[in-house]
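Data block below; observations after.
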Amino acid sequence: QQKVQQSPESLSVPEGGMASLNCTSSDRNFQYFWWYRQHSGEGPKALMSIFSDGDKKEGRFTAHLNKASLHVSLHIRDSQPSDSALYFCAASGANTGKLTFGHGTILRVHP
Amino acid sequence: DAGVTQTPRHEVAEKGQTIILKCEPVSGHNDLFWYRQTKIQGLELLSYFRSKSLMEDGGAFKDRFKAEMLNSSFSTLKIQPTEPKDSAVYLCASSLGVAETLYFGSGTRLTVL
């Protein structure tokens, strides 16, 4: 079973709209969570990390973490065509630098 | 600051060949990772080094895959012998350590014929 599961697999939103991505973990050892974004032909790039319960906002991006349910979400407001990419949720435990990645959500922002 | 550098960007190999992929991590980073990316399996960990010591290697990849850190600023991934199922993007990443962000290179796209 995949330890980090993402939904939906793909998502299409209009330019200027809100995109919401979800991630759930099945491993209670995970303490730290990230959202990564990957454009075609490039490596994944970190968008933001979240380690504490609640919301964390960086510009148009807001992450939310609920450690009790091991659920993380990412909300992108005012979505732009340049936000079209593959988005990964990643998690790690307390004593390792290794990240476990979900399968990703393909986001398409259409004009 | 320079990011993670991977070479080559593309590699084409015949089945049975030996190939070596190269990675230069971000200067000062202690942890180095090799991941494989495919559409079906997603991102899978191949190897994880901390301060040049091997911390973890992906169990399924042990027999034909060997990653090494020759020094703190250079790593290689050797695949020997290659098989068509090894066709994938191989990503190198580095970080400062636990609870730190991983920085990825642009990857090497390997095609095995």
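We name chains A, B, ... following the order of the structure tokens; residues begin at 1 in each chain, and ligands are numbered from 1 as shown.
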Worksheet entry | For Phe30 (chain A): contacts at 9 Å, only C-alpha atoms, fewer than 2 positions along chain excluded, given as a PyMOL selection string | chain A and resi 25-28+32-33+70+91-94
Write out, as an mmCIF file, in the first residue's frame, the residues just selected, with N, CA and C atoms.
data_model
loop_
_atom_site.group_PDB
_atom_site.id
_atom_site.type_symbol
_atom_site.label_atom_id
_atom_site.label_comp_id
_atom_site.auth_asym_id
_atom_site.auth_seq_id
_atom_site.Cartn_x
_atom_site.Cartn_y
_atom_site.Cartn_z
ATOM 1 N N SER A 25 -1.635 10.261 4.698
ATOM 2 C CA SER A 25 -0.584 9.294 4.981
ATOM 3 C C SER A 25 -1.120 8.158 5.837
ATOM 4 N N SER A 26 -0.511 6.983 5.649
ATOM 5 C CA SER A 26 -0.897 5.833 6.469
ATOM 6 C C SER A 26 0.180 5.486 7.494
ATOM 7 N N ASP A 27 1.216 6.308 7.579
ATOM 8 C CA ASP A 27 2.338 6.014 8.477
ATOM 9 C C ASP A 27 2.404 7.075 9.578
ATOM 10 N N ARG A 28 2.132 6.646 10.824
ATOM 11 C CA ARG A 28 2.115 7.603 11.935
ATOM 12 C C ARG A 28 3.510 8.060 12.345
ATOM 13 N N TYR A 32 6.919 15.341 9.192
ATOM 14 C CA TYR A 32 7.166 16.540 8.396
ATOM 15 C C TYR A 32 6.593 16.334 6.997
ATOM 16 N N PHE A 33 5.994 17.403 6.455
ATOM 17 C CA PHE A 33 5.304 17.289 5.177
ATOM 18 C C PHE A 33 5.716 18.447 4.262
ATOM 19 N N LEU A 70 -3.460 12.719 9.843
ATOM 20 C CA LEU A 70 -2.369 12.635 8.856
ATOM 21 C C LEU A 70 -2.828 13.115 7.484
ATOM 22 N N ALA A 91 6.496 13.230 2.605
ATOM 23 C CA ALA A 91 6.524 13.161 4.064
ATOM 24 C C ALA A 91 7.791 12.479 4.536
ATOM 25 N N SER A 92 8.220 12.847 5.749
ATOM 26 C CA SER A 92 9.382 12.176 6.331
ATOM 27 C C SER A 92 9.180 11.977 7.825
ATOM 28 N N GLY A 93 9.964 11.032 8.380
ATOM 29 C CA GLY A 93 9.893 10.760 9.804
ATOM 30 C C GLY A 93 10.865 11.619 10.579
ATOM 31 N N ALA A 94 10.906 11.406 11.885
ATOM 32 C CA ALA A 94 11.680 12.279 12.768
ATOM 33 C C ALA A 94 13.185 12.062 12.664
#
Practice prompt. Per DSSP on the backbone, filter region 20-73 of chain A down to the residues in strand (DSSP E) and report them as a ChimeraX atom specification.
Written response: /A:20-25,30-38,45-50,54-58,61-66,71-73
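Taking CA of Glu100 (chain B) and CA of Thr100 (chain A) as endpoints, the distance between them is 13.3 Å.
Within 6 Å of chain A, counting only C-alpha atoms, chain B contributes Gly42, Gly97, Val98, Phe104, Gly105 and Ser106 of chain B.
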Worksheet item: Which neighbours of His29 (chain B) fall inside 12 Å, counting only C-alpha atoms, when residues of the same chain fewer than 4 positions from it are skipped, and could you give them as a list in words?
Response: Gly97 of chain A; Ala2, Gly3, Val4, Glu24, Pro25, Phe33, Phe49, Arg50, Ser51, Lys52, Ser72, Ser73, Phe74, Ala93, Ser94, Ser95, Leu96, Gly97, Val98, Glu100, Thr101, Leu102 and Tyr103 of chain B
For those residues, write N, CA, C and O atoms to a file as a compact mmCIF listing (two decimals), in the first residue's frame.
# COMPACT_ATOMS: atom_id res chain seq x y z
N GLY A 97 16.29 11.87 6.79
CA GLY A 97 16.12 12.95 5.82
C GLY A 97 15.38 12.49 4.59
O GLY A 97 15.06 13.28 3.71
N ALA B 2 25.00 27.35 -6.79
CA ALA B 2 24.64 26.35 -7.77
C ALA B 2 23.70 25.35 -7.13
O ALA B 2 23.82 25.00 -5.96
N GLY B 3 22.74 24.87 -7.95
CA GLY B 3 21.84 23.84 -7.48
C GLY B 3 22.46 22.48 -7.69
O GLY B 3 23.68 22.35 -7.84
N VAL B 4 21.61 21.46 -7.73
CA VAL B 4 22.08 20.10 -7.98
C VAL B 4 22.30 19.93 -9.49
O VAL B 4 21.41 20.27 -10.27
N GLU B 24 26.24 16.21 -8.86
CA GLU B 24 26.95 17.10 -7.94
C GLU B 24 25.90 17.76 -7.07
O GLU B 24 25.05 18.51 -7.55
N PRO B 25 25.93 17.50 -5.74
CA PRO B 25 24.91 18.09 -4.86
C PRO B 25 25.18 19.56 -4.60
O PRO B 25 26.22 20.10 -4.99
N PHE B 33 20.46 11.92 -2.27
CA PHE B 33 19.46 10.90 -2.62
C PHE B 33 19.46 10.65 -4.12
O PHE B 33 19.66 11.57 -4.91
N PHE B 49 22.33 8.73 1.14
CA PHE B 49 23.60 8.90 1.82
C PHE B 49 23.51 10.04 2.81
O PHE B 49 22.90 11.06 2.54
N ARG B 50 24.17 9.84 3.94
CA ARG B 50 24.33 10.93 4.89
C ARG B 50 25.82 11.05 5.17
O ARG B 50 26.47 10.08 5.61
N SER B 51 26.37 12.22 4.91
CA SER B 51 27.81 12.47 5.09
C SER B 51 28.63 11.34 4.46
O SER B 51 29.55 10.80 5.09
N LYS B 52 28.27 10.98 3.26
CA LYS B 52 28.95 9.98 2.43
C LYS B 52 28.71 8.54 2.87
O LYS B 52 29.16 7.62 2.18
N SER B 72 32.28 14.38 -0.91
CA SER B 72 31.06 15.07 -0.49
C SER B 72 30.41 15.88 -1.61
O SER B 72 29.29 16.35 -1.46
N SER B 73 31.11 16.04 -2.72
CA SER B 73 30.57 16.88 -3.78
C SER B 73 30.35 16.12 -5.09
O SER B 73 30.17 16.74 -6.15
N PHE B 74 30.36 14.78 -5.03
CA PHE B 74 30.18 14.03 -6.27
C PHE B 74 29.65 12.63 -5.98
O PHE B 74 30.17 11.93 -5.10
N ALA B 93 19.03 14.31 -5.61
CA ALA B 93 18.60 15.40 -4.74
C ALA B 93 19.55 15.50 -3.55
O ALA B 93 20.20 14.51 -3.18
N SER B 94 19.63 16.67 -2.95
CA SER B 94 20.44 16.84 -1.75
C SER B 94 19.72 17.73 -0.75
O SER B 94 18.81 18.48 -1.12
N SER B 95 20.12 17.62 0.51
CA SER B 95 19.52 18.45 1.55
C SER B 95 20.51 18.62 2.69
O SER B 95 21.55 17.96 2.76
N LEU B 96 20.16 19.52 3.62
CA LEU B 96 21.01 19.76 4.79
C LEU B 96 20.85 18.65 5.83
O LEU B 96 21.73 18.45 6.66
N GLY B 97 19.72 17.93 5.81
CA GLY B 97 19.53 16.85 6.76
C GLY B 97 18.09 16.62 7.12
O GLY B 97 17.18 16.93 6.36
N VAL B 98 17.87 16.08 8.31
CA VAL B 98 16.51 15.74 8.78
C VAL B 98 15.65 16.99 8.82
O VAL B 98 16.09 18.05 9.25
N GLU B 100 14.71 18.82 6.53
CA GLU B 100 15.14 19.86 5.60
C GLU B 100 14.63 19.55 4.19
O GLU B 100 14.46 18.38 3.82
N THR B 101 14.44 20.58 3.41
CA THR B 101 13.93 20.46 2.05
C THR B 101 14.94 19.78 1.14
O THR B 101 16.14 20.05 1.22
N LEU B 102 14.45 18.88 0.30
CA LEU B 102 15.28 18.27 -0.73
C LEU B 102 15.29 19.17 -1.96
O LEU B 102 14.25 19.67 -2.39
N TYR B 103 16.49 19.34 -2.54
CA TYR B 103 16.65 20.09 -3.78
C TYR B 103 17.04 19.10 -4.86
O TYR B 103 18.02 18.36 -4.71
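Minimum atom-to-atom distances from B:Ser53, B:Thr7, B:Ala99, B:Trp34 to Phe65 (chain B) were compared using only C-alpha atoms, and the lowest value belongs to B:Trp34.
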Practice prompt. Determine, counting only C-alpha atoms, which protein, DNA and RNA residues have an atom within 12 Å of an atom of Arg60 (chain A); residues of the same chain fewer than 5 positions away are not included. Present the result as a list of chain:residue names.
Written response: A:Gly16, A:Gly17, A:Met18, A:Ala19, A:Ser20, A:Leu47, A:Met48, A:Leu74, A:His75, A:Ile76, A:Arg77, A:Asp78, A:Ser79, A:Gln80, A:Asp83
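Distances to Leu32 (chain B) were evaluated for B:Leu113, B:Ile19, B:Leu45, B:Cys92 using only C-alpha atoms, and the minimum falls at B:Cys92.
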Item to complete: Find the residues near Leu77 (chain B): any atom within 8 Å, counting only C-alpha atoms, skip ones fewer than 3 places away on the same chain, and give them as an MDAnalysis selection string.
Response: chainID B and resid 20:22 34 65:68
Worksheet item: If you count only C-alpha atoms, which residues fall within 9 Å of Tyr35 (chain B), apart from same-chain ones fewer than 5 positions away, as a list in words?
Response: Leu43, Glu44, Leu45, Leu46, Ser47, Val89, Tyr90, Leu91, Cys92 and Ala93 of chain B
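Atom pair CA of Ser7 (chain A) / CA of Thr111 (chain B) has a distance of 29.7 Å (rounded to one decimal).
Atom to atom, CA of Ser10 (chain A) and CA of Ala68 (chain A) stand 26.2 Å apart.
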